[in-house]
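Here's the structure, in structure tokens; my notes come after.
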Amino acid sequence: MKTSGIILIIIAVVTCGQAYAANYYVAKSGNDANPGTEAQPWLTIQKAADTMVAGDTVYIKAGTYKERVIPQNSGSAGNYITYTAYSNDAVIIDGSGISLPYDWGGLVDISQRAYIKISGLQIRNAGPNDNNTGILVDYSSYIIIENNYTKNTTSSGIGVWDSNNITVDNNEVELACNDGEQECISIAVTDTFEVKNNHVHHSGLGTIGGEGICLKDGSSDGKVYNNHVHHLNRLGIYMDAWDKHTYNIDVYRNVVHDINGNDCFTFAAESGGLLENITLYNNIGYNADLNGVSVSLNGDAAVKPMKDITIINNTFYNNGRGIWGGGISVENPNAQNVVIRNNIVSQNHIYQIEVEPNVPMQNLTVDHNLIHGFRDYDDEIKGSNYVEGDPLFVNAPGADFHLQQNSPAIDSGSSTGAPANDHDGNTRPQGSGYDIGAYEYVTNGGVDGEEPFGQFDTPAHGSTVRSSVPVTGWALDNVAVTSVKIYRDPVSGEGGSNIYIGDAVLVEGARPDVEAAFPDYPNNSRAGWGYMMLTNFLPNNGN
């Protein structure tokens, strides 16, 4: 069995614009009096932001640009205005010494605009006020924020407010909410959105913020998936209605771990708004100080309205590392139609599944969960049709929560409401029944497994890489490749073993050419893999 990865892939998509679309260039050697061609580039990104119209693209060459960027125009359907790094150059927009507006503002500030794409940029040092954001999207539509890296922002690395049709894809957000408010990635009062393939980690010491990804305050019709969230000082993924109706959000295939003083996942309605039709499935949550998942926070937030909350086919392990906490906690007596089904809750500290005594049991369905380590805590329950015992993970201490072939979770789940695929994208069920937990056990049907084969695509052998670079390729075998681990050669003084860098992620539809060439191989539609590597972690900075 091969371990599933979470770190993310960049897929380059080239589209043909209209005939009138223009390409512009910005470089540190440029001048804003130039025409903005590659031979005579502009000096500032803002010059491009003042000039570009629908269909235009600016290619920004390597360097540190100490400026605030505010797009002045909108694109149109099929004709985005695009801001992107030139040829994977390291482009840093640095807010050091720039004082953003006191009440609200982003270092990259997209307000009342449409059809804007921000791609492949680094945004650093946004502040100094509580609501200063790395990339802000406000009252805007059809915005794509992809392949960027934000670091050291007083408030959110990426914040989206009062907007619609938003995509936040394959970004890395580090040291966000550093002494400020909001969350590392905030989605508020926004409908029709996707937050996917992001890496959110090591948040700052937010004064009243710092959660990883928050879906809140009247947001609706969203999907949040394939994100890796870890080492935060607040919640991992937070679904909070606040004071507005927040509804129709699916949260799936995320991995959340090592959360200090809080939960991996939390449902809340802190100021009376209805939280409705939220589904949490195929997620993995481990090593949180409190709970794997809580249906509302402690105190006032625990008695606010919720309806149709589904927690199904997740895996929660070793949560409650602090003085109190466990696997799944239900505290809200006003939460109606809460379903907890097909989850593995294993070796969590105080309890595996806990329901507070003031929660009406007629509001709750708990069935077909695997309980490992029942503590007989006062409010701990097992529910109906449960399985009790060791789930037999492949390597729980190593965070590989795939099932071994004799796991009691196999074929023991319920089909009712179960997702069609598992955390790896494998079809459910694989056997005579649905498995419990985030992973479906995949057997090769008695066929001997062959060595995985494939190709390493980028970067090219012998090339010099700087800043962040996509590492991509594809892999197959006749059983089903479920992960790719990335290593580098050691340098002098590091010993003789290869140095582990990280896990790639296999992405559906990334390599249709491979799928067509190997039609009989399992998982051929997810053969393409990738990883966003920061070269400052490599010897000699990647040279």
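Here's how to read the names in the structure tokens: chain A, B, ... by the order shown, residue numbers from 1 in each chain, ligand numbers from 1 in the order shown.
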
Could you produce a table of the residues of segment 225-341 of chain A lying within 10 Å of segment 162-174 of chain A, with the nearest pair of atoms per residue and their separation in Å rounded to one decimal, using only C-alpha atoms, ordered by chain and increasing residue number, as CSV?
```
residue,atom,partner,partner_atom,distance
A:Tyr225,CA,A:Asp169,CA,9.9
A:Asn226,CA,A:Asn170,CA,9.3
A:Asn227,CA,A:Asn170,CA,8.4
A:His228,CA,A:Glu172,CA,9.5
A:Val229,CA,A:Val173,CA,9.6
A:Leu232,CA,A:Glu174,CA,9.8
```

* Considering only C-alpha atoms, return as a VMD selection string whatever protein or nucleic-acid residues lie within 9 Å of Asn152 of chain A, sequence-local ones (same chain, fewer than 4 positions apart) excluded. => chain A and resid 123 to 127 134 157 173 to 178 203 to 204

* Surrounding residues of Val189 of chain A excluding itself and chain neighbours under 5 positions, 6 Å, only C-alpha atoms, as a PyMOL selection string -> chain A and resi 161-162+217-219

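Nearest to Pro391 of chain A of all the residues A:Asn248, A:Ser407, A:Gln40, A:Asn343 is A:Ser407, based on only C-alpha atoms.
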
Residues near His231 of chain A, anyone? I mean within 8 Å using only C-alpha atoms, not counting same-chain ones fewer than 6 positions away, as a PDB file with C-alpha atoms, in the first residue's frame.
```pdb
ATOM      1  CA  HIS A 201       0.310  26.070   7.866  1.00  0.00           C
ATOM      2  CA  HIS A 202       2.101  27.709  10.777  1.00  0.00           C
ATOM      3  CA  SER A 203      -0.262  30.572  11.460  1.00  0.00           C
ATOM      4  CA  HIS A 257      -3.392  17.873  11.825  1.00  0.00           C
ATOM      5  CA  ASP A 258      -1.271  19.239  14.660  1.00  0.00           C
ATOM      6  CA  ILE A 259      -3.710  21.912  15.769  1.00  0.00           C
ATOM      7  CA  ASN A 260      -2.658  23.658  18.974  1.00  0.00           C
TER       8      ASN A 260
END
```
